[in-house]
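Student: Structure in structure tokens, see below.
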4 protein chains.
Amino acid sequence: MVVAPLPVSSSAEPVSQRRRRKDARPSELTAAALDLFVEKGFAGTRLDDVAARAGVSKGTLYLYFDSKESLFKAVIEEGIVPALAAAEQQLADYRGSSTDLLRMILKGWWAQIGSTRLAGVVKLIISESHNFPEVAKYYHDRVIVRGRSLLRATLTRGIDAGEFRAMDVESCIDVTIAPLLMLIIWCHSLCICGHDIEPERYLDTHIDLLLHGLCERGPA
Amino acid sequence: MVVAPLPVSSSAEPVSQRRRRKDARPSELTAAALDLFVEKGFAGTRLDDVAARAGVSKGTLYLYFDSKESLFKAVIEEGIVPALAAAEQQLADYRGSSTDLLRMILKGWWAQIGSTRLAGVVKLIISESHNFPEVAKYYHDRVIVRGRSLLRATLTRGIDAGEFRAMDVESCIDVTIAPLLMLIIWCHSLCICGHDIEPERYLDTHIDLLLHGLCERGPA
Amino acid sequence: MVVAPLPVSSSAEPVSQRRRRKDARPSELTAAALDLFVEKGFAGTRLDDVAARAGVSKGTLYLYFDSKESLFKAVIEEGIVPALAAAEQQLADYRGSSTDLLRMILKGWWAQIGSTRLAGVVKLIISESHNFPEVAKYYHDRVIVRGRSLLRATLTRGIDAGEFRAMDVESCIDVTIAPLLMLIIWCHSLCICGHDIEPERYLDTHIDLLLHGLCERGPA
Amino acid sequence: MVVAPLPVSSSAEPVSQRRRRKDARPSELTAAALDLFVEKGFAGTRLDDVAARAGVSKGTLYLYFDSKESLFKAVIEEGIVPALAAAEQQLADYRGSSTDLLRMILKGWWAQIGSTRLAGVVKLIISESHNFPEVAKYYHDRVIVRGRSLLRATLTRGIDAGEFRAMDVESCIDVTIAPLLMLIIWCHSLCICGHDIEPERYLDTHIDLLLHGLCERGPA
DNA sequence: CATGAATGAGGTTTCATTCAT
DNA sequence: GATGAATGAAACCTCATTCAT
């Protein structure tokens, strides 16, 4: 029971203040919920706090979402798919070396997702998928499969072109993704405690090691 | 609040059945708690269920632990430190190439931690550290710092010996660890949904890419 | 709090569509409320549902009624009194045997009240009077007293004329009324479950037994 | 999820105070609930009040009943069936005139049910069956069907023996029962408001009218 | 007049914690 | 030492009521 995730009311006619507010509410609420779910986990988040952070009363939440669980699902759904679709489009007609393409994907991922509030969604999925199998399935089908396809195409292309060594592509995909996801987790959970990570340096090292590792004698 | 981390009752004198049972209780309880904390998260786990899984009454939990939170801390404390100490000892007097040492560390980590129930502790820390800063601090000081030292020493040794390229060691450590931690998370949270990971293959690829990436012309 | 019990707008002057609508509103609302109060009880009825059934917004209810309770009272008040007044008038100048009069009252009650939506009001009083003593008092004074008077007069007349046996009139009244009220309750509450009642047959049997019971050797 | 409706612990061995209390709890709770359900209706009854009346905390209710609804069902189930079974047994081997039998049934009903707290259960069914179809079905099958059978047998026996007129038995049953049920309703709901009923007189009149009505020339 | 978004008190339900047995 | 019945604070959720539009 989610309404109009994106209030695209670019018509010329004047919309009432009230209507504009109502259109904006769902994403105000999911934004507040995202922050708290990421911070406290699903079970640890109180709807009181979500409402307070969004600046509304507890009851208002229930005008837009049937239950805590449906709010959770809306948070996930609203977050990722649009971003991924954009990424796919952007890379579809890339011309250039696979090395550059791979570098561009990883950097782009950081710019578009990893460093934004969308990263919280990723954290959420990782933490809560055990308790929400349906959400995990949804996310798997809509995001993971497509994200892996992107990398698979890139790696395969590089191997076919002789840029990369012949390797087990499927596990290469996983090993490529893993440091990205851990970066999110570190930023969201563990930065607090002592050891700070500098994302740019971390990513550069990951890319450097990866491309060196993929190429027979290091990347061009 | 009593916590007997390891029921080392290897004394020769005969202990009564009841006494042995009492000594074993704490770790029976933390074992049950670990499973459920990993599966449902801290807030999502009910002490009823912990007690039921351990085969005792709910009240008994409070004979051994002051509160849900102290049970959580005991789960963490009991789990990791002994394992890490063993690993440090094992590697202290290693003689051989840094390449082999690094390979051995990663494989050993999987054998001693990643594939065992200790992995659940890691998952827990990752999921819940936000809500338990003290636990995160404790874990950081006792585990993360020492684990990173191990890798730092290995990488530095390899660079000094000319086996590895000169690189930014600190971020290399993180990038090396990340796939290990993600492997745990995948096994504990996401395996359910569709994409199965084969740990051995995944680790081999990680090691292969890493060593290729670290060496100027690939590992020997 | 406005209550227009009967929208008697039979004036000759033309009223605007809007005005006619406004006059009709209160009874549209009480009609919707009656249905739901009967079906779910007072506490179990949501004003949302009342408004939806009447085809107006929830706020509109509050233009006509101060509160849920005042809506309830209006439902009761609007329902019964007019019908009873009509019945009294109709029977005032009856000439004929008491047997026929009694038969006519019971049949008439079914035709005018028992089989109509007014029956719901009776059901309501029965179910909710405990929670609304004032409403019960009001109903008692306006309806019960007068209804019993009607029967008392009829029975007394029959006894005085030698048509009926001399009996305890007050309890005869109650025993006469009881099957009528239970008929309403059965139709409104219990018909659902299995045992169907055929009101005409039921009434005929009631009248037959009653008149046989009242007369020394059965009715003429 | 009801436990041991009747704590038949007449064994000689001493039971702990605590155990005895636990056995008694369910019926203490249903007794309290019955009172309030009858008085306020299902939706109008707060579990706080039920708990308070039973002298326990709100949480304790949930040790014995899964939900408000299951408490309601327990109230119904616990109440009637035993009483009816007793009545059936009592009448099974009756020898005597049908007139006396019928009189005995009606008087007995008042003594065993109508004048006891079981009457509240009847009131409840009447008020709430609309909202709880399953409960209504259960009650219909277990109570109504059997109660009607009792009367059917009696009436048929009387007609066959020539004591009663040949009549439509099914509707006679309903008309016989109706004043009993209304008596309960009056005692439980409407006595408050003015018109008091005297049950004994009311019943005598009902029986008098009924037997007179059934017999060709009045009962013997 | 009419709307329906917003409110918040109050209901049902859960669960960490206590304590008499 | 062990139990599990009892507690009550706090969570989720509902809905009568209000008020800006």
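If you're wondering about the labels, chains in the structure tokens are A, B, ... by order shown, residues count from 1 in each chain, ligands from 1 in order shown.
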Contacts of E:DT12 at 9 Å or less, counting only C-alpha atoms (C1' of nucleotides), minus same-chain residues fewer than 3 places along, as a count of residues only?
Tutor: 6
Student: Would you superpose chain B on chain C, least squares on all C-alpha atoms in order, and hand back the fitted chain as a compact mmCIF listing (two decimals) with C-alpha atoms, in the first residue's frame?
Tutor:
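Saved result, result_31.txt, follows:
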# COMPACT_ATOMS: atom_id res chain seq x y z
CA MET B 1 -26.25 18.96 16.58
CA VAL B 2 -29.08 18.94 14.16
CA VAL B 3 -31.42 16.06 13.77
CA ALA B 4 -34.18 16.11 11.27
CA PRO B 5 -36.20 13.05 12.19
CA LEU B 6 -38.37 13.03 9.14
CA PRO B 7 -37.50 15.07 6.07
CA VAL B 8 -41.05 16.22 5.51
CA SER B 9 -40.45 18.70 2.76
CA SER B 10 -43.76 18.32 1.05
CA SER B 11 -44.11 22.04 0.56
CA ALA B 12 -45.12 23.21 -2.85
CA GLU B 13 -42.28 25.63 -3.39
CA PRO B 14 -39.33 24.29 -5.41
CA VAL B 15 -36.23 23.59 -3.34
CA SER B 16 -32.81 23.50 -4.89
CA GLN B 17 -31.20 20.17 -5.47
CA ARG B 18 -28.51 21.03 -2.99
CA ARG B 19 -30.99 22.03 -0.34
CA ARG B 20 -32.92 18.84 -0.77
CA ARG B 21 -29.70 16.93 -0.43
CA LYS B 22 -28.80 18.71 2.74
CA ASP B 23 -32.16 17.99 4.28
CA ALA B 24 -31.88 14.35 3.44
CA ARG B 25 -28.37 13.97 4.84
CA PRO B 26 -29.21 13.21 8.45
CA SER B 27 -31.46 10.31 7.62
CA GLU B 28 -29.03 8.99 5.04
CA LEU B 29 -26.46 8.96 7.78
CA THR B 30 -28.63 7.38 10.43
CA ALA B 31 -29.77 4.78 7.93
CA ALA B 32 -26.20 3.79 7.23
CA ALA B 33 -25.39 3.84 10.93
CA LEU B 34 -28.38 1.71 11.79
CA ASP B 35 -27.27 -1.04 9.46
CA LEU B 36 -23.79 -1.13 10.89
CA PHE B 37 -24.77 -0.77 14.52
CA VAL B 38 -27.13 -3.70 14.11
CA GLU B 39 -24.52 -5.77 12.37
CA LYS B 40 -21.45 -5.03 14.46
CA GLY B 41 -22.73 -3.49 17.64
CA PHE B 42 -22.01 0.03 18.82
CA ALA B 43 -18.41 -0.42 19.90
CA GLY B 44 -17.63 -2.60 16.89
CA THR B 45 -18.81 -0.04 14.34
CA ARG B 46 -16.28 2.39 12.90
CA LEU B 47 -17.36 5.83 11.83
CA ASP B 48 -15.20 5.39 8.76
CA ASP B 49 -17.50 2.62 7.68
CA VAL B 50 -20.62 4.58 8.45
CA ALA B 51 -19.37 7.48 6.38
CA ALA B 52 -18.30 5.22 3.54
CA ARG B 53 -21.67 3.49 3.45
CA ALA B 54 -23.45 6.83 3.37
CA GLY B 55 -21.13 7.99 0.62
CA VAL B 56 -19.73 10.97 2.49
CA SER B 57 -16.46 11.79 4.15
CA LYS B 58 -15.81 11.09 7.76
CA GLY B 59 -15.70 14.75 8.58
CA THR B 60 -19.20 15.28 7.28
CA LEU B 61 -20.59 13.10 10.02
CA TYR B 62 -19.49 15.71 12.49
CA LEU B 63 -21.42 18.41 10.72
CA TYR B 64 -24.59 16.61 11.73
CA PHE B 65 -23.74 14.77 14.91
CA ASP B 66 -21.60 15.78 17.82
CA SER B 67 -20.18 12.37 18.49
CA LYS B 68 -20.57 8.69 17.89
CA GLU B 69 -22.88 8.52 20.84
CA SER B 70 -25.16 11.27 19.60
CA LEU B 71 -25.33 9.52 16.26
CA PHE B 72 -26.43 6.40 18.10
CA LYS B 73 -29.15 8.26 19.92
CA ALA B 74 -30.38 9.83 16.71
CA VAL B 75 -30.65 6.40 15.15
CA ILE B 76 -32.87 5.27 17.97
CA GLU B 77 -34.99 8.39 18.15
CA GLU B 78 -35.60 8.64 14.50
CA GLY B 79 -36.67 5.08 14.20
CA ILE B 80 -39.41 4.11 16.48
CA VAL B 81 -41.64 6.88 17.71
CA PRO B 82 -43.34 7.77 14.43
CA ALA B 83 -44.17 4.14 13.75
CA LEU B 84 -45.68 3.64 17.19
CA ALA B 85 -47.76 6.78 16.95
CA ALA B 86 -49.22 5.52 13.72
CA ALA B 87 -50.07 2.20 15.31
CA GLU B 88 -51.80 3.83 18.28
CA GLN B 89 -53.93 5.96 16.03
CA GLN B 90 -54.87 3.03 13.88
CA LEU B 91 -56.08 0.97 16.82
CA ALA B 92 -57.74 3.69 18.84
CA ASP B 93 -61.14 3.37 17.28
CA TYR B 94 -61.21 -0.32 16.54
CA ARG B 95 -64.58 -2.05 16.89
CA GLY B 96 -64.63 -5.82 16.99
CA SER B 97 -63.78 -8.83 19.10
CA SER B 98 -60.70 -8.73 21.33
CA THR B 99 -59.52 -11.91 19.70
CA ASP B 100 -59.50 -10.25 16.33
CA LEU B 101 -57.94 -7.14 17.75
CA LEU B 102 -55.10 -9.06 19.34
CA ARG B 103 -54.53 -10.98 16.14
CA MET B 104 -54.50 -7.73 14.23
CA ILE B 105 -52.04 -6.08 16.58
CA LEU B 106 -49.56 -8.92 16.29
CA LYS B 107 -49.86 -9.16 12.54
CA GLY B 108 -49.69 -5.42 12.24
CA TRP B 109 -46.58 -5.26 14.36
CA TRP B 110 -44.88 -7.64 11.99
CA ALA B 111 -45.99 -5.69 8.95
CA GLN B 112 -45.12 -2.24 10.30
CA ILE B 113 -42.07 -2.94 12.41
CA GLY B 114 -40.82 -6.50 12.68
CA SER B 115 -40.30 -7.02 8.98
CA THR B 116 -38.95 -3.55 8.28
CA ARG B 117 -35.66 -1.88 8.94
CA LEU B 118 -37.14 -0.57 12.16
CA ALA B 119 -36.58 -4.00 13.57
CA GLY B 120 -32.91 -3.16 13.64
CA VAL B 121 -33.62 -0.45 16.17
CA VAL B 122 -35.25 -2.97 18.44
CA LYS B 123 -32.28 -5.23 18.11
CA LEU B 124 -30.01 -2.33 18.95
CA ILE B 125 -31.86 -1.41 22.08
CA ILE B 126 -31.73 -4.97 23.26
CA SER B 127 -28.00 -5.28 22.62
CA GLU B 128 -26.77 -1.94 23.77
CA SER B 129 -29.14 -0.68 26.42
CA HIS B 130 -26.71 -1.77 29.10
CA ASN B 131 -24.15 0.69 27.83
CA PHE B 132 -26.61 3.53 27.29
CA PRO B 133 -28.93 3.84 30.24
CA GLU B 134 -30.32 7.17 29.09
CA VAL B 135 -31.20 5.75 25.73
CA ALA B 136 -32.81 2.80 27.42
CA LYS B 137 -34.82 5.13 29.63
CA TYR B 138 -35.89 7.20 26.67
CA TYR B 139 -36.93 4.14 24.77
CA HIS B 140 -38.71 2.72 27.75
CA ASP B 141 -40.77 5.83 28.29
CA ARG B 142 -41.57 6.51 24.68
CA VAL B 143 -42.00 3.04 23.29
CA ILE B 144 -42.24 0.27 25.79
CA VAL B 145 -44.74 1.92 28.07
CA ARG B 146 -47.02 2.83 25.19
CA GLY B 147 -46.70 -0.52 23.51
CA ARG B 148 -47.54 -2.32 26.70
CA SER B 149 -50.54 -0.04 27.23
CA LEU B 150 -51.90 -1.08 23.89
CA LEU B 151 -51.70 -4.72 24.82
CA ARG B 152 -52.95 -4.12 28.34
CA ALA B 153 -56.04 -2.43 27.03
CA THR B 154 -56.69 -5.22 24.60
CA LEU B 155 -56.25 -8.00 27.13
CA THR B 156 -58.29 -6.26 29.78
CA ARG B 157 -61.06 -5.62 27.32
CA GLY B 158 -61.08 -9.30 26.37
CA ILE B 159 -61.17 -10.45 29.97
CA ASP B 160 -63.91 -8.02 30.86
CA ALA B 161 -65.92 -9.20 27.91
CA GLY B 162 -65.47 -12.84 28.94
CA GLU B 163 -63.59 -13.69 25.77
CA PHE B 164 -60.36 -14.40 27.65
CA ARG B 165 -59.71 -16.19 30.89
CA ALA B 166 -58.95 -14.06 33.90
CA MET B 167 -55.20 -14.00 34.04
CA ASP B 168 -52.29 -12.00 35.35
CA VAL B 169 -52.36 -9.32 32.72
CA GLU B 170 -48.90 -7.83 33.27
CA SER B 171 -47.04 -11.06 32.72
CA CYS B 172 -49.36 -11.95 29.86
CA ILE B 173 -48.17 -8.82 28.14
CA ASP B 174 -44.56 -9.82 28.49
CA VAL B 175 -45.16 -13.36 27.34
CA THR B 176 -47.04 -12.05 24.36
CA ILE B 177 -44.29 -9.67 23.36
CA ALA B 178 -41.36 -11.97 23.93
CA PRO B 179 -41.78 -14.15 20.83
CA LEU B 180 -42.02 -11.02 18.71
CA LEU B 181 -38.77 -9.63 19.97
CA MET B 182 -37.04 -12.96 19.71
CA LEU B 183 -38.21 -13.20 16.14
CA ILE B 184 -36.38 -9.99 15.39
CA ILE B 185 -33.27 -11.21 17.13
CA TRP B 186 -33.36 -14.48 15.30
CA CYS B 187 -33.75 -12.78 11.98
CA HIS B 188 -30.98 -10.31 12.69
CA SER B 189 -28.43 -12.43 14.45
CA LEU B 190 -28.91 -16.09 14.31
CA CYS B 191 -30.43 -16.85 10.95
CA ILE B 192 -26.91 -17.10 9.69
CA CYS B 193 -26.22 -20.27 11.57
CA GLY B 194 -28.22 -23.15 10.27
CA HIS B 195 -31.68 -23.00 11.75
CA ASP B 196 -33.87 -20.82 9.59
CA ILE B 197 -37.09 -19.41 10.86
CA GLU B 198 -40.09 -18.76 8.68
CA PRO B 199 -41.61 -15.64 10.22
CA GLU B 200 -45.13 -16.14 8.95
CA ARG B 201 -45.40 -19.70 10.21
CA TYR B 202 -43.79 -18.74 13.47
CA LEU B 203 -46.23 -15.88 14.00
CA ASP B 204 -49.23 -17.99 13.12
CA THR B 205 -48.20 -20.57 15.66
CA HIS B 206 -47.60 -17.91 18.26
CA ILE B 207 -51.03 -16.41 17.67
CA ASP B 208 -52.70 -19.79 17.61
CA LEU B 209 -51.11 -20.90 20.87
CA LEU B 210 -51.72 -17.56 22.52
CA LEU B 211 -55.39 -17.29 21.67
CA HIS B 212 -55.99 -20.93 22.54
CA GLY B 213 -54.18 -20.31 25.77
CA LEU B 214 -56.13 -17.20 26.59
CA CYS B 215 -59.58 -18.55 25.87
CA GLU B 216 -61.30 -21.08 28.06
CA ARG B 217 -62.09 -23.44 25.17
CA GLY B 218 -60.04 -22.09 22.36
CA PRO B 219 -60.80 -19.01 20.24
CA ALA B 220 -63.98 -18.79 18.31
Student: Any chance you could tabulate, as CSV, the residues of chain F at most 12 Å from chain A with each one's nearest atom pair and distance in Å to one decimal, using only C-alpha atoms (C1' of nucleotides), in chain and rising number order?
Tutor:
residue,atom,partner,partner_atom,distance
F:DA10,C1',A:Arg46,CA,10.1
F:DA11,C1',A:Arg46,CA,7.5
F:DC12,C1',A:Leu47,CA,8.0
F:DC13,C1',A:Ser67,CA,8.1
F:DT14,C1',A:Gly59,CA,8.7
F:DC15,C1',A:Gly59,CA,9.7
F:DA20,C1',A:Arg18,CA,8.9
F:DT21,C1',A:Arg18,CA,7.6
Student: Check which residues of chain E sit at most 9 Å from chain C using only C-alpha atoms (C1' of nucleotides), and return one row each with the closest pair of atoms and their distance in Å to one decimal, ordered by chain and rising number, as a tab-separated table.
Tutor:
residue	atom	partner	partner_atom	distance
E:DC1	C1'	C:Thr60	CA	8.8
E:DA2	C1'	C:Thr60	CA	6.4
E:DT3	C1'	C:Ser57	CA	6.4
E:DG4	C1'	C:Ser57	CA	7.1
Student: Would you give me, as a ChimeraX atom specification, the residues in stretch 1-186 of chain A that DSSP reads as helix (DSSP H, G or I)?
Tutor: /A:17-40,47-54,58-64,68-92,98-114,118-128,133-160,169-186
Student: Quick check, in Å to one decimal: how far apart do atom C1' of F:DA6 and atom C1' of E:DG10 lie?
Tutor: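 Pair atom C1' of F:DA6 / atom C1' of E:DG10 returns 23.9 Å.
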Student: Just the number, please: distance in Å from atom C1' of F:DA2 to atom C1' of E:DT14, one decimal.
Tutor: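 These two atoms are separated by 24.8 Å.
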